[in-house]
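*Asks:* The structure that follows is given in the form of C-alpha cells.
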There are 2 protein chains.
Amino acid sequence: MKTLIINAVILTMNDSFDLFNKGYLAVRGENIEAVGPMEQCPDMESFDEVVDAEGGILVPGFVNTHTHIGMVPFRGLGEDMVGRLNRFLIPLEKKQMTQFLAKASAKYAIAEMQLSGITSFFDMYYFEERLAETCVEMGERAVLAETVIESTIDSYKPYGGIELAEEFIGRWKGKSSLVTPSIAPHAPYSNTEESLRKSREIADRFDVPYMIHLAEMDFEVSAIREKYDMTPVEYLDSIGFLGENLTAAHCIFINSRDAEILGKHNVKVAHCVVANTKSAKGISPVRLMQENNVCVGLGTDGPSSGNTLDMFTVMKATALAQKTFLRDRSAYTSREILKMATIDGARALGLQKIAGSLEPGKKADLTLVETKSINMYPLYDPYAALVYQAGSHNVETVYVNGNRIVENKNLLRYSVKEIKDELEKESLSFRYEALKMQNK
Amino acid sequence: MKTLIINAVILTMNDSFDLFNKGYLAVRGENIEAVGPMEQCPDMESFDEVVDAEGGILVPGFVNTHTHIGMVPFRGLGEDMVGRLNRFLIPLEKKQMTQFLAKASAKYAIAEMQLSGITSFFDMYYFEERLAETCVEMGERAVLAETVIESTIDSYKPYGGIELAEEFIGRWKGKSSLVTPSIAPHAPYSNTEESLRKSREIADRFDVPYMIHLAEMDFEVSAIREKYDMTPVEYLDSIGFLGENLTAAHCIFINSRDAEILGKHNVKVAHCVVANTKSAKGISPVRLMQENNVCVGLGTDGPSSGNTLDMFTVMKATALAQKTFLRDRSAYTSREILKMATIDGARALGLQKIAGSLEPGKKADLTLVETKSINMYPLYDPYAALVYQAGSHNVETVYVNGNRIVENKNLLRYSVKEIKDELEKESLSFRYEALKMQNK
C-alpha cells in the first residue's frame with residue numbers, strides 16, 4: 001500500500017527542523033518513504049491513494065509520555081478536593097477496578113488520544129496485558145508499564161506487580177511492532193528499596209524502558225529528606241536506580257544538583273503541566289533540566305489528573321507556564337514546544353529511531369491538523385498556530401504505523417458511541433460507588 | 001416566539017447556584033420565562049419549538065470581559081518575540097488598519113465567539129461605530145469602547161478618540177438593546193491626566209461603562225512610581241478616575257492597598273490569564289482583589305494576545321494558574337470559575353440585570369454544551385466537566401437575546417467560509433506587510 005499526502009504545511013521536526021510550506025509526504029507500507037516540497041512530488045500515478053491536505057499542517061503524531069489509560073472512569077470525580085487521591089481514587093480503584101473495566105477504559109482512552117492526534121504513549125497502570133491487546137487491536141503504538149507497588153490491584157501478593165511485569169515483559173517483548181512492555185515502580189516514597197532495585201534489574205535484563213513518578217509530591221520530598229537526608233533524585237541515584245531507559249514523570253521538585261544527576265544518567269522526563277498545576281503541586285523547572293541535557297517530553301497524565309487526553313491543551317499550558325515561570329515571553333518558542341510534544345517525547349519512549357519526526361525510513365505516525373476551522377485563521381507561523389490556536393477538534397487525519405486510523409475527524413474502524421457503551425456497561429458498579437462517594 | 005429547552009443539565013448561576021440535573025428552560029421572545037426541573041416542565045403544546053438537549057449542559061452564555069475584535073488579522077504574527085507590540089503590532093496597525101478591515105475582523109471574531117458560546121463581550125478598539133453595526137447585524141450583545149490615546153488610528157487629531165467616543169456614545173446610547181457604547185482610555189502610562197479625566201467625565205455624563213488597561217506592564221509600574229511615587233491604581237485614584245462603572249483589564253501588579261482601593265470604588269476587573277501568562281507578565285492576584293469585594297470577570301483579550309476567542313481555554317487556564325499561585329488545589333472550584341465566566345462577567349459589563357444567569361425575566365442568552373463527544377465522559381460534576389474537559393467544539397446551541405444564533409455547532413445565518421473570504425479580501429495589503437515584517 002502506497003499513500004501520498006500532498007499540499008500540506010509539513011513540520012518535519014527533524015534535527016534541522018525542515019519545514020515545507022507546501023509539501024508532500026509519501027508512505028509505503030508502514031514507513032515514510034519520502035518527504036519534501038511539492039515541486040519534488042513524485043508521480044501520483046504510482047500511489048494507491050492520494051490525500052490532499054488542502055493546506056493543513058502535517059506533523060509527527062504526538063507522543064504522550066505519561067498517562068494511565070485505565071482511569072477514564074475516574075475522570076471528573078472529586079475535582080477541586082483536598083486529599084482526592086486517598087479519599088476517592090485509591091479506595092474506588094481497590095474496590096471496583098477490574099481487568100475488564102481497565103480494558104474498556106483503555107479502549108476509550110486510546111480512541112480519544114487517536115482522535116486528538118496522539119500516535120504513541122507511555123502508560124503506567126495495572127492489567128497492562130489487557131491494555132497491550134487493546135493497543136494492537138486499535139493499531140496504537142505504546143510503551144506499557146505494569147505498576148509495582150506494595151498493594152497491587154491486579155495481584156494478591158505484596159509487590160505482585162514485579163512478577164506480573166516480568167511475565168508481561170517476557171511475553172510481549174518483540175511480540176508486536178506496536179507495543180513495548182515496561183515496568184513502573186510507583187514512586188520513591190511508595191516503594192521499598194528492594195522493589196526499586198528489582199524493577200530496574202528487570203528493565204535492564206529485558207532492555208526495555210522503565211518509568212517512575214518522581215519528585216512530584218511535597219510529602220515525598222520531606223519523607224525522603226527525613227529518612228535519608230537526600231532529595232528523591234539523590235536517593236534513587238544512591239541505590240543505582242537511575243539510567244538512560246528511565247522516564248521519570250513530573251519532576252517538579254528538582255534543584256540544580258538533581259538536574260545534574262538526571263542529566264548524567266541521561267534520564268528522560270515526562271512533564272505533565274496540566275496535572276501538576278491543577279493539583280497545585282507547582283511548575284517543573286524544565287529549562288534547568290534541559291540545560292543539564294535531560295530530554296523532556298510532554299504528558300497528559302491520566303484522564304482524572306489532566307482531564308483531557310490531547311497534547312494541544314498540554315502544549316499551550318506548557319508554553320504559558322514556562323514563559324511565566326521564567327519571566328520571558330521569548331522562552332519556549334512554539335517550535336520548542338512542538339519538539340517536546342513529538343521527537344523529545346519519542347526519545348522518552350525509546351522510540352526515537354522509528355517515531356517522533358517525519359523522516360524517510362521512520363514509521364508513518366502522522367497527524368494532519370486542518371486549518372479551515374474558524375480558530376485556525378490567519379496562519380503566519382504554523383508552529384504558533386498549533387500551540388496557541390489549535391485544539392483536538394482540528395485533527396482531521398491520523399496514521400499510526402502506516403495505517404489510517406482517523407479520517408475526517410472520525411475513527412475509521414470504530415464508533416465512539418459503541419466504545420462508550422462498552423465502557424458504560426463495564427462501569428455500572430464502579431459508577432454506583434463513585435456517585436455514592438461524591439454525594440457523601 | 002416561544003421556545004422550550006428540555007432534558008438539560010441546567011447550571012443557573014443564580015445567587016443560590018440552583019442546579020437542575022434534568023431541567024427545562026422556557027424562552028418567550030427575548031426573555032427567559034421559566035426554568036426548573038423536568039417534573040415541573042410546562043405543557044410542550046404551548047411552545048412554538050421544543051429543543052431536546054439530550055443531557056447537554058445549559059449555562060448562561062459566556063461573558064468575555066476584555067477583547068479587541070478588530071485584531072483578528074494580527075493573530076499568530078510575531079509570536080514568542082520580545083518587543084512584539086512595538087515591533088509588529090503598532091506599526092502594522094498604524095499603516096494598515098482601516099474601518100473596513102476592522103469591521104471584517106469584527107464579524108469574524110463575533111462569529112468565532114458565538115460558535116464558542118460567548119453571548120456578550122466588552123471590546124476596546126477603534127472604529128467602534130462599525131463594530132456596533134456588526135454586533136446588531138450578527139445579533140451579538142456587547143459593550144463597545146472607543147479607545148482614547150494620543151495617536152489614534154481613526155482620527156487625525158491627538159486624543160481624537162475622546163471626540164469620537166463622545167459622538168459614538170451619543171448616537172448609540174439606548175439605540176439598540178444589544179449594544180452599549182463606551183469609552184476606553186488606553187492605559188495610565190499612555191494617556192495624559194487630562195484625557196483620563198475627560199474620559200471618565202464622558203462615561204459619567206452618559207452613565208455608561210468605561211474601560212482601561214491597568215497594572216499590566218512592569219514598565220507602567222516603574223514609570224508611574226518614578227513620576228508620581230504611586231502605584232498605577234493609586235495614581236488613578238488620585239485623579240478621581242476610579243468608579244463603579246470602570247472595568248479595568250489585567251490588574252496583574254496589584255498590592256493589598258491597590259486591592260482595597262479598587263474595592264472601595266467598586267471597580268470591576270477583566271482578568272485575562274492566557275494573554276498575561278503567554279506574554280510572561282505574571283499572574284494576577286485574583287483572590288486578593290475578590291477578598292476586597294472587587295468583582296472579577298474573565299477575558300480572552302484580543303485574538304493576537306490570547307489567540308483563541310473562547311472561554312473554555314480561559315476558564316481552565318484561570319483555574320490552573322490560581323490553584324498553583326495559591327498552592328491550594330481546592331482554591332477556585334469549577335463553580336467559582338464558571339461564576340467568573342458568566343454572572344461576574346455580566347457585572348463587569350454592567351449587564352447583571354439582564355444577563356449572566358438563567359433566571360426568569362433575564363434576557364435569553366444561553367449556551368448549550370453537548371456531552372456526547374468523547375472528551376465529555378464520564379460526567380460526575382457538570383461544573384468540572386465545563387472547566388476541565390470541555391472545549392469550544394462542544395458548544396452545540398447558542399441563543400442571544402432570545403434568538404438562536406448557533407445550531408448544531410454551526411452559525412444559523414452565516415457561513416464561516418464567507419466571513420473568512422470577506423476578511424481575506426479586506427486584509428490583502430495588511431497581510432502583505434505582515435509577512436514582510438515576519439520575514440525580515
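In the C-alpha cells, each chain is lettered A, B, ... as it comes, each chain's residues begin at 1, and ligands are numbered from 1 in order of appearance.
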Excluding region 207-216 of chain A and residues on its chain fewer than 4 positions from it, collect all residues at most 6 Å away from it, counting only C-alpha atoms, and give them as a list in words.
*Replies:*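 With the cut-off at 6 Å, the set is Ser182, Ile183, Ala184, Pro185, His186, Ala187, Ala203, Pro232, Asn245, Leu246, Thr247, Ala248, Ala249, His250, Cys251, Ile252 and Phe253 of chain A.
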*Asks:* Output C-alpha atoms of each residue in that selection to a file, as a compact mmCIF listing (two decimals), in the first residue's frame.
*Replies:*
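That gives us part.txt:
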```txt
# COMPACT_ATOMS: atom_id res chain seq x y z
CA SER A 182 7.72 -1.97 30.53
CA ILE A 183 7.78 -1.81 34.32
CA ALA A 184 6.92 1.12 36.58
CA PRO A 185 7.61 1.19 40.29
CA HIS A 186 5.08 3.73 41.54
CA ALA A 187 7.28 6.31 43.31
CA ALA A 203 14.18 -3.39 32.83
CA PRO A 232 14.24 11.96 45.82
CA ASN A 245 15.99 3.85 29.88
CA LEU A 246 14.18 5.56 32.73
CA THR A 247 11.40 8.05 32.09
CA ALA A 248 10.59 9.93 35.27
CA ALA A 249 7.18 11.53 35.38
CA HIS A 250 6.57 15.02 36.86
CA CYS A 251 9.97 16.02 38.36
CA ILE A 252 8.55 19.18 39.94
CA PHE A 253 10.81 19.42 42.99
```
*Asks:* List every residue of region 330-415 of chain B that has an atom at most 9 Å from any atom of region 127-146 of chain B, and for each one report the closest atom pair and its distance in Å to one decimal, counting only C-alpha atoms, with rows sorted by chain and then by increasing residue number, as JSON lines.
*Replies:*
```
{"residue": "B:Leu349", "atom": "CA", "partner": "B:Val143", "partner_atom": "CA", "distance": 6.6}
{"residue": "B:Gly350", "atom": "CA", "partner": "B:Val143", "partner_atom": "CA", "distance": 8.8}
{"residue": "B:Asp365", "atom": "CA", "partner": "B:Arg141", "partner_atom": "CA", "distance": 8.9}
{"residue": "B:Val400", "atom": "CA", "partner": "B:Glu140", "partner_atom": "CA", "distance": 6.4}
{"residue": "B:Asn401", "atom": "CA", "partner": "B:Arg141", "partner_atom": "CA", "distance": 7.8}
{"residue": "B:Asn403", "atom": "CA", "partner": "B:Gly139", "partner_atom": "CA", "distance": 7.7}
{"residue": "B:Ile405", "atom": "CA", "partner": "B:Gly139", "partner_atom": "CA", "distance": 7.5}
{"residue": "B:Arg413", "atom": "CA", "partner": "B:Met138", "partner_atom": "CA", "distance": 8.4}
{"residue": "B:Tyr414", "atom": "CA", "partner": "B:Met138", "partner_atom": "CA", "distance": 8.7}
```
*Asks:* Generate a file of the selected residues that holds C-alpha atoms, formatted as a PDB file, in the first residue's frame.
*Replies:*
```
ATOM      1  CA  LEU B 349     -20.264  44.787  31.593  1.00  0.00           C
ATOM      2  CA  GLY B 350     -22.972  46.424  33.680  1.00  0.00           C
ATOM      3  CA  ASP B 365     -28.502  34.476  26.443  1.00  0.00           C
ATOM      4  CA  VAL B 400     -28.544  35.662  22.262  1.00  0.00           C
ATOM      5  CA  ASN B 401     -31.430  37.855  23.324  1.00  0.00           C
ATOM      6  CA  ASN B 403     -32.567  34.441  19.072  1.00  0.00           C
ATOM      7  CA  ILE B 405     -27.538  32.067  16.686  1.00  0.00           C
ATOM      8  CA  ARG B 413     -27.439  32.710   9.435  1.00  0.00           C
ATOM      9  CA  TYR B 414     -23.815  32.895   8.294  1.00  0.00           C
TER      10      TYR B 414
END
```
*Asks:* Hey, could you make a per-residue contact list for chain B against chain A with 7 Å as the cut-off, showing the nearest pair of atoms and its distance in Å to one decimal, counting only C-alpha atoms, sorted by chain and number, as a Markdown table?
*Replies:*
```
| residue | atom | partner | partner_atom | distance |
| --- | --- | --- | --- | --- |
| B:Pro73 | CA | A:Pro378 | CA | 6.4 |
| B:Arg75 | CA | A:Pro378 | CA | 6.4 |
| B:Gly76 | CA | A:Tyr380 | CA | 5.9 |
| B:Leu77 | CA | A:Tyr380 | CA | 5.8 |
| B:Glu79 | CA | A:Ala384 | CA | 6.7 |
| B:Asp80 | CA | A:Ser330 | CA | 4.5 |
| B:Met81 | CA | A:Ser330 | CA | 5.2 |
| B:Val82 | CA | A:Ser330 | CA | 5.9 |
| B:Glu112 | CA | A:Ile374 | CA | 6.2 |
| B:Thr277 | CA | A:Leu320 | CA | 5.2 |
| B:Lys278 | CA | A:Leu320 | CA | 4.8 |
| B:Ser279 | CA | A:Arg329 | CA | 4.8 |
| B:Ala280 | CA | A:Thr324 | CA | 4.3 |
| B:Lys281 | CA | A:Thr324 | CA | 6.7 |
| B:Gly282 | CA | A:Thr324 | CA | 5.8 |
| B:Asn307 | CA | A:Gln389 | CA | 5.6 |
| B:Thr308 | CA | A:Gln389 | CA | 5.7 |
| B:Leu320 | CA | A:Lys278 | CA | 4.8 |
| B:Ala321 | CA | A:Thr277 | CA | 6.9 |
| B:Lys323 | CA | A:Ala280 | CA | 5.1 |
| B:Thr324 | CA | A:Ala280 | CA | 4.3 |
| B:Arg327 | CA | A:Ala280 | CA | 5.0 |
| B:Asp328 | CA | A:Ala280 | CA | 5.4 |
| B:Arg329 | CA | A:Ser279 | CA | 4.8 |
| B:Ser330 | CA | A:Asp80 | CA | 4.5 |
| B:Thr333 | CA | A:Asp80 | CA | 5.6 |
| B:Ile374 | CA | A:Glu112 | CA | 6.2 |
| B:Asn375 | CA | A:Thr308 | CA | 6.6 |
| B:Pro378 | CA | A:Arg75 | CA | 6.4 |
| B:Leu379 | CA | A:Gly76 | CA | 6.6 |
| B:Tyr380 | CA | A:Leu77 | CA | 5.8 |
| B:Asp381 | CA | A:Gly76 | CA | 6.4 |
| B:Ala384 | CA | A:Gly76 | CA | 6.2 |
| B:Ala385 | CA | A:Gly76 | CA | 6.4 |
| B:Tyr388 | CA | A:Asn307 | CA | 5.9 |
| B:Gln389 | CA | A:Asn307 | CA | 5.6 |
| B:His393 | CA | A:His393 | CA | 6.5 |
| B:Val416 | CA | A:Ile374 | CA | 6.8 |
```
*Asks:* Need to verify the contact set: Ser155 (chain B), 10 Å, only C-alpha atoms, exclusion of same-chain residues closer than 5 positions in sequence. Can you return it as a list in words?
*Replies:*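 Here the answer would be Tyr126, Phe127, Glu150, Gly160, Gly161, Ile162, Glu163 and Leu164 of chain B.
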*Asks:* For the selection just defined, write its residues with N, CA and C atoms to a file, as a PDB file, in the first residue's frame.
*Replies:*
```
ATOM      1  N   TYR B 126     -10.760  50.526  17.865  1.00  0.00           N
ATOM      2  CA  TYR B 126     -11.065  51.727  17.093  1.00  0.00           C
ATOM      3  C   TYR B 126     -12.275  51.437  16.195  1.00  0.00           C
ATOM      4  N   PHE B 127     -12.742  52.440  15.516  1.00  0.00           N
ATOM      5  CA  PHE B 127     -13.886  52.281  14.587  1.00  0.00           C
ATOM      6  C   PHE B 127     -15.051  51.545  15.252  1.00  0.00           C
ATOM      7  N   GLU B 150      -3.116  59.120  22.573  1.00  0.00           N
ATOM      8  CA  GLU B 150      -2.690  60.326  21.854  1.00  0.00           C
ATOM      9  C   GLU B 150      -2.773  60.136  20.340  1.00  0.00           C
ATOM     10  N   GLY B 160      -7.958  62.247  19.518  1.00  0.00           N
ATOM     11  CA  GLY B 160      -9.209  62.350  18.760  1.00  0.00           C
ATOM     12  C   GLY B 160     -10.244  61.336  19.211  1.00  0.00           C
ATOM     13  N   GLY B 161      -9.771  60.290  19.900  1.00  0.00           N
ATOM     14  CA  GLY B 161     -10.698  59.257  20.386  1.00  0.00           C
ATOM     15  C   GLY B 161     -11.728  59.807  21.351  1.00  0.00           C
ATOM     16  N   ILE B 162     -11.369  60.871  22.072  1.00  0.00           N
ATOM     17  CA  ILE B 162     -12.323  61.444  23.032  1.00  0.00           C
ATOM     18  C   ILE B 162     -13.569  61.943  22.304  1.00  0.00           C
ATOM     19  N   GLU B 163     -13.316  62.684  21.240  1.00  0.00           N
ATOM     20  CA  GLU B 163     -14.417  63.221  20.446  1.00  0.00           C
ATOM     21  C   GLU B 163     -15.221  62.084  19.787  1.00  0.00           C
ATOM     22  N   LEU B 164     -14.487  61.154  19.201  1.00  0.00           N
ATOM     23  CA  LEU B 164     -15.149  60.023  18.544  1.00  0.00           C
ATOM     24  C   LEU B 164     -16.017  59.249  19.530  1.00  0.00           C
TER      25      LEU B 164
END
```
*Asks:* From the set A:Tyr125, A:Phe47, A:Phe100, A:Phe17, which residue has the shortest atom-to-atom contact distance to Thr67 (chain A), counting only C-alpha atoms?
*Replies:* A:Tyr125
*Asks:* When you count only C-alpha atoms, which of these residues is closest to Ser116 (chain A): A:Ser190, A:Ser16, A:Ser222, A:Asn64?
*Replies:* A:Asn64
*Asks:* Tell me which protein, DNA and RNA residues are within 9 Å of Gln290 (chain B), counting only C-alpha atoms, leaving out same-chain ones fewer than 5 positions away, and put them as a ChimeraX atom specification.
*Replies:* /B:259,263,285,295-296
*Asks:* Keeping only C-alpha atoms, write those residues as a CSV table (one decimal), in the first residue's frame.
*Replies:*
```
chain,number,residue,atom,x,y,z
B,259,ALA,CA,-6.9,45.9,46.0
B,263,GLY,CA,-12.8,47.5,46.2
B,285,PRO,CA,-3.7,38.2,42.4
B,295,CYS,CA,-15.8,41.7,41.1
B,296,VAL,CA,-13.5,39.8,38.7
```
*Asks:* For a test of reading the model, state the distance in Å between CA of Gly302 (chain A) and CA of Ile57 (chain A), rounded to one decimal.
*Replies:*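 Between CA of Gly302 (chain A) and CA of Ile57 (chain A) the gap is 27.2 Å.
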*Asks:* Excluding Gly36 (chain A) and residues on its chain fewer than 6 positions from it, collect all residues at most 7 Å away from it, counting only C-alpha atoms, and give them as a ChimeraX atom specification.
*Replies:* /A:20,23-25
*Asks:* How would the residues just picked look written out with C-alpha atoms as a compact mmCIF listing (two decimals), in the first residue's frame?
*Replies:*
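What landed in again-v3.txt:
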```
# COMPACT_ATOMS: atom_id res chain seq x y z
CA PHE A 20 7.82 22.69 3.78
CA GLY A 23 4.95 19.80 0.80
CA TYR A 24 4.28 16.15 0.14
CA LEU A 25 4.89 13.02 2.15
```
*Asks:* Excluding Val267 (chain B) and its own-chain neighbours fewer than 3 positions away, which residues fall within 6 Å of it when counting only C-alpha atoms? Please give them as a list of chain:residue names.
*Replies:*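 Using only C-alpha atoms, the neighbours found are B:Gly243, B:Glu244, B:Leu246, B:Leu262.
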